[in-house]
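Quick notes on the structure that follows.
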Amino acid sequence: MSRLKQFKLPDLGEGLTEGEILQWMVKLGDEVKLNQPIVEVETAKAAVEVPSPYAGVVHEIHHAAGETVDVGSPIITFDTEPGAGPLDPVATASAVSEHPEIGDMVPRPPAEGFVEPGLHAAATSDESGPLGALIGEVGPSGRTATLVGYGPKSVTAKRRARTDSGHATPAKPPVPAVAPPPPATAARVSAAAVGQSAAASAGALTVLAKPPVRKLAKDLGIDLTTVVGTGPNGSITRSDVEGVASQPAASSEPVPSAPLRSVPDYDPATREQRIPIKGVRKMTAAAMVGSAFTAPHVTEFITLDMTPTMELRTKLQGLPEFAGVKVTPLLLVAKALLLAVRRNPEINATWDEAAQEIVVKSYVNLGIAAATPRGLIVPNIKDAEQLTLPELAAALQQLTATARDGRTQPADMARGTITITNVGTFGVDNGTPIINPGESAILCFGAVRPTPWVVDGQIVVRQVTQLALSFDHRNVDGQLGSQFLSDIARVLSDPATALAWS
């Protein structure tokens, strides 16, 4: 068996068909250990570090940073026996055709102890489509590059033969072991390097830095191309960025540099900037359009006095049970929603068009809409109804921190049942949210403001907020939606109600 082993891009989520290579953590000639992170890939749901299924030396990198790669396409080749001497050209050729069968989409790592990225969410019978169903537009290759479970269409992806470059070609017989070797691997890597050099000359130099570090640099107004990285393989760390930020401004003449990423790069001819629609932004757009034009939305509003809840928040912060976690208004809104779901279980449901059934869930996977540098994502807290208030507070804090750092995994966003979007953090009073696909309702929580309010016939200043509930009118009628929203408001207006309902 050949010592050269190709690693193909695995399916990092629920039927995802492609991913964009954000950065390589290894380079040609590097020695790699089993399960060592080698590449960061952005899918339609999240950025994921992919571990190596082999131990050896990097022999070839097939795709440069910034390229979008189909699942099942080779991305890197390893020499698993670097100490065995020079490579045999015949062995090199046979390594490329070692698995020539058509339709083998996910590699089978032979190394014992290899840990898969582990991002596949369990499929259940209440999903909106069968595992493997594809939706959206069909690309030139005949595949539908989108997600499973968001109103699937009857679209079939055609199987394609693979070549050593991973691109689709007409099916051909397997290459014999004595076939002449492919073009020199160095040529392909050189071509990728040329592409990177061209991008650098155009002011789009790729630097090694994780998403949280990139966001920190953007917030501090620091050009990452001017920072010297001290991390692994020259990657830029948080301390590198903070070190540059703490340095006093140079008194010498300014040196021209590449523009900051936060400044739009407009085309001088059109005075416009074109941003490719891909990754999380592409998934969000497809999901929201599908939801808006599939589920008939109805939105209801309520304005309430949250003063008792805000006073309760102050008391809870001093309790030892909440040491180390934040007690936020969102936490208490989430608890009120969970209590209201218990009284109105039909709100926690899915409309299954294919089966012509309404699927009511006994569990609550509570989604929290989060704005991240990559776009809007909705991670959820699994079985939130089973958590105590301190446990729910810790789960919310962890969810927020993970989303902010860009480390939310696809499994954390799968199988949500109902969602809260907190627009109050942006100073917004209210909104009409779009239901997260596969769910039946979403609650919008607005800003809490000191507002004149009538109490016992007197006008006093109270802490007032607005709630908006959008629901799917196919399975949630006006009475159910109104009662659910009213129950949430009752708990927030009088937290003692929670004791009666617990």
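Chain labels run A, B, ... following the order of the structure tokens; each chain numbers its residues from 1, and ligands are numbered from 1 in the order shown.
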Backbone DSSP call of strand (DSSP E) for segment 205-360 of chain A, listed as a list in words: His297, Val298, Thr299, Glu300, Phe301, Ile302, Thr303, Leu304, Asp305, Ala349, Thr350, Trp351, Asp352, Glu357, Ile358, Val359 and Val360 of chain A
Quick one: residues within 7 Å of Leu376 of chain A, only C-alpha atoms, excluding same-chain residues fewer than 6 positions away - as an mmCIF file with C-alpha atoms, in the first residue's frame?
data_model
loop_
_atom_site.group_PDB
_atom_site.id
_atom_site.type_symbol
_atom_site.label_atom_id
_atom_site.label_comp_id
_atom_site.auth_asym_id
_atom_site.auth_seq_id
_atom_site.Cartn_x
_atom_site.Cartn_y
_atom_site.Cartn_z
ATOM 1 C CA THR A 284 -28.768 32.517 6.765
ATOM 2 C CA ALA A 369 -29.996 34.413 17.978
ATOM 3 C CA ALA A 370 -26.420 35.714 18.045
#
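When atom CA of Leu208 of chain A is paired with atom CA of Ala65 of chain A, their separation reads 9.9 Å.
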- prompt: Out of segment 244-343 of chain A, which residues get alpha helix (DSSP H) from DSSP, as a ChimeraX atom specification?
  reply: /A:244-246,279-292,307-317,329-343
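By chain and then residue number, the residues within 10 Å of Asn365 of chain A are Asn348, Lys361, Ser362, Ile368, Pro379, Asn380, Ile381, Lys382, Asp383, Ala384, Glu385, Asp412, Met413, Ala414, Arg415, Gly416, Thr417, Ile418 and Thr419 of chain A, counting only C-alpha atoms and disregarding those fewer than 3 positions away in sequence.
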Who sits within 12 Å of Leu467 of chain A, only C-alpha atoms, same chain under 6 positions skipped, as a tab-separated table (two decimals) with N, CA and C atoms, in the first residue's frame:
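Written output follows (part_5.tsv):
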chain	number	residue	atom	x	y	z
A	299	THR	N	-47.32	38.25	13.71
A	299	THR	CA	-46.55	38.83	14.81
A	299	THR	C	-47.49	39.61	15.72
A	300	GLU	N	-47.37	39.34	17.02
A	300	GLU	CA	-48.13	40.06	18.03
A	300	GLU	C	-47.18	40.75	19.01
A	301	PHE	N	-47.65	41.83	19.63
A	301	PHE	CA	-46.79	42.65	20.48
A	301	PHE	C	-47.44	42.85	21.84
A	302	ILE	N	-46.61	43.07	22.84
A	302	ILE	CA	-47.09	43.42	24.17
A	302	ILE	C	-46.06	44.30	24.85
A	303	THR	N	-46.54	45.33	25.56
A	303	THR	CA	-45.68	46.22	26.35
A	303	THR	C	-45.94	45.94	27.82
A	304	LEU	N	-44.88	45.80	28.60
A	304	LEU	CA	-45.06	45.39	30.00
A	304	LEU	C	-44.09	46.08	30.93
A	305	ASP	N	-44.47	46.11	32.19
A	305	ASP	CA	-43.64	46.67	33.25
A	305	ASP	C	-42.75	45.57	33.81
A	306	MET	N	-41.44	45.69	33.57
A	306	MET	CA	-40.49	44.67	34.02
A	306	MET	C	-39.80	45.06	35.31
A	330	LEU	N	-32.03	38.79	29.84
A	330	LEU	CA	-32.31	37.72	28.88
A	330	LEU	C	-32.52	36.39	29.60
A	333	VAL	N	-36.03	36.37	30.92
A	333	VAL	CA	-36.97	36.22	29.80
A	333	VAL	C	-36.98	34.77	29.32
A	337	LEU	N	-40.14	32.23	29.25
A	337	LEU	CA	-40.56	31.52	28.04
A	337	LEU	C	-40.69	30.02	28.30
A	420	ILE	N	-35.24	32.85	20.90
A	420	ILE	CA	-35.33	34.22	21.40
A	420	ILE	C	-34.30	35.07	20.66
A	421	THR	N	-34.70	36.24	20.18
A	421	THR	CA	-33.75	37.19	19.63
A	421	THR	C	-33.81	38.45	20.48
A	422	ASN	N	-32.65	38.87	20.97
A	422	ASN	CA	-32.55	39.99	21.91
A	422	ASN	C	-32.05	41.23	21.18
A	423	VAL	N	-32.98	42.03	20.65
A	423	VAL	CA	-32.59	43.25	19.95
A	423	VAL	C	-32.37	44.39	20.93
A	424	GLY	N	-32.75	44.19	22.18
A	424	GLY	CA	-32.56	45.23	23.18
A	424	GLY	C	-31.10	45.56	23.43
A	428	VAL	N	-32.69	48.72	20.59
A	428	VAL	CA	-33.89	48.68	19.74
A	428	VAL	C	-35.08	48.26	20.60
A	429	ASP	N	-36.21	48.93	20.39
A	429	ASP	CA	-37.40	48.65	21.20
A	429	ASP	C	-38.11	47.38	20.82
A	430	ASN	N	-38.16	47.06	19.52
A	430	ASN	CA	-38.95	45.91	19.10
A	430	ASN	C	-38.64	45.55	17.66
A	431	GLY	N	-39.25	44.49	17.17
A	431	GLY	CA	-39.05	44.07	15.80
A	431	GLY	C	-40.04	42.98	15.43
A	432	THR	N	-40.04	42.60	14.17
A	432	THR	CA	-40.89	41.50	13.69
A	432	THR	C	-39.97	40.39	13.19
A	433	PRO	N	-39.53	39.50	14.06
A	433	PRO	CA	-38.52	38.50	13.68
A	433	PRO	C	-39.08	37.43	12.75
A	442	ILE	N	-40.87	32.50	17.43
A	442	ILE	CA	-39.65	33.21	17.85
A	442	ILE	C	-40.08	34.44	18.63
A	443	LEU	N	-39.43	34.67	19.77
A	443	LEU	CA	-39.74	35.79	20.65
A	443	LEU	C	-38.69	36.87	20.49
A	444	CYS	N	-39.12	38.10	20.27
A	444	CYS	CA	-38.21	39.25	20.16
A	444	CYS	C	-38.29	40.04	21.47
A	445	PHE	N	-37.14	40.25	22.10
A	445	PHE	CA	-37.03	40.95	23.38
A	445	PHE	C	-36.37	42.31	23.15
A	446	GLY	N	-37.11	43.39	23.44
A	446	GLY	CA	-36.62	44.73	23.19
A	446	GLY	C	-35.88	45.33	24.38
A	447	ALA	N	-35.44	46.57	24.22
A	447	ALA	CA	-34.69	47.25	25.26
A	447	ALA	C	-35.58	47.54	26.47
A	448	VAL	N	-34.99	47.48	27.66
A	448	VAL	CA	-35.69	47.83	28.90
A	448	VAL	C	-35.35	49.29	29.22
A	482	SER	N	-51.46	34.22	21.32
A	482	SER	CA	-51.75	35.30	22.26
A	482	SER	C	-51.60	34.83	23.70
A	484	PHE	N	-49.73	32.37	24.81
A	484	PHE	CA	-48.31	32.13	25.07
A	484	PHE	C	-47.59	33.44	25.39
A	485	LEU	N	-47.81	34.46	24.57
A	485	LEU	CA	-47.15	35.76	24.78
A	485	LEU	C	-47.63	36.39	26.09
A	486	SER	N	-48.91	36.26	26.38
A	486	SER	CA	-49.46	36.81	27.62
A	486	SER	C	-48.86	36.13	28.85
A	487	ASP	N	-48.65	34.81	28.76
A	487	ASP	CA	-48.07	34.09	29.89
A	487	ASP	C	-46.63	34.54	30.16
A	488	ILE	N	-45.87	34.78	29.12
A	488	ILE	CA	-44.50	35.29	29.30
A	488	ILE	C	-44.53	36.64	30.00
A	489	ALA	N	-45.42	37.51	29.55
A	489	ALA	CA	-45.52	38.84	30.14
A	489	ALA	C	-45.96	38.77	31.60
A	490	ARG	N	-46.84	37.83	31.95
A	490	ARG	CA	-47.29	37.70	33.33
A	490	ARG	C	-46.15	37.35	34.27
A	492	LEU	N	-42.92	37.96	33.78
A	492	LEU	CA	-41.98	39.08	33.86
A	492	LEU	C	-42.57	40.25	34.65
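Straight-line separation from atom CA of Ala292 of chain A to atom CA of Gln479 of chain A: 21.6 Å.
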Selection: 8 Å around Pro373 of chain A, only C-alpha atoms, excl. self and same-chain fewer than 4 positions, as a compact mmCIF listing (two decimals) with N, CA and C atoms, in the first residue's frame:
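Okay, this is what ended up in result22.txt:
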# COMPACT_ATOMS: atom_id res chain seq x y z
N LYS A 215 -11.14 39.66 14.91
CA LYS A 215 -12.13 40.62 15.41
C LYS A 215 -11.47 41.63 16.34
N ARG A 404 -19.29 34.42 20.27
CA ARG A 404 -18.48 35.61 20.09
C ARG A 404 -17.08 35.26 19.58
N GLY A 406 -16.42 32.76 17.69
CA GLY A 406 -16.50 32.06 16.41
C GLY A 406 -16.27 30.57 16.52
statement: One residue among A:Asn475, A:Thr402, A:Asn344, A:Thr465 is nearest to Val298 of chain A when using only C-alpha atoms, and that residue is A:Asn475
- prompt: Contacts of Ile347 of chain A at 8 Å or less, counting only C-alpha atoms, minus same-chain residues fewer than 5 places along, as an MDAnalysis selection string?
  reply: chainID A and resid 341 360 440:441 476 480:481 484
Could you take the residues named above and write them with C-alpha atoms, as a PDB file, in the first residue's frame?
ATOM      1  CA  VAL A 341     -44.020  26.565  26.926  1.00  0.00           C
ATOM      2  CA  VAL A 360     -45.081  18.584  19.172  1.00  0.00           C
ATOM      3  CA  SER A 440     -43.037  27.494  14.990  1.00  0.00           C
ATOM      4  CA  ALA A 441     -42.304  30.614  17.040  1.00  0.00           C
ATOM      5  CA  VAL A 476     -50.346  28.117  15.879  1.00  0.00           C
ATOM      6  CA  LEU A 480     -52.517  29.943  21.259  1.00  0.00           C
ATOM      7  CA  GLY A 481     -50.028  32.619  20.186  1.00  0.00           C
ATOM      8  CA  PHE A 484     -48.312  32.126  25.074  1.00  0.00           C
TER       9      PHE A 484
END
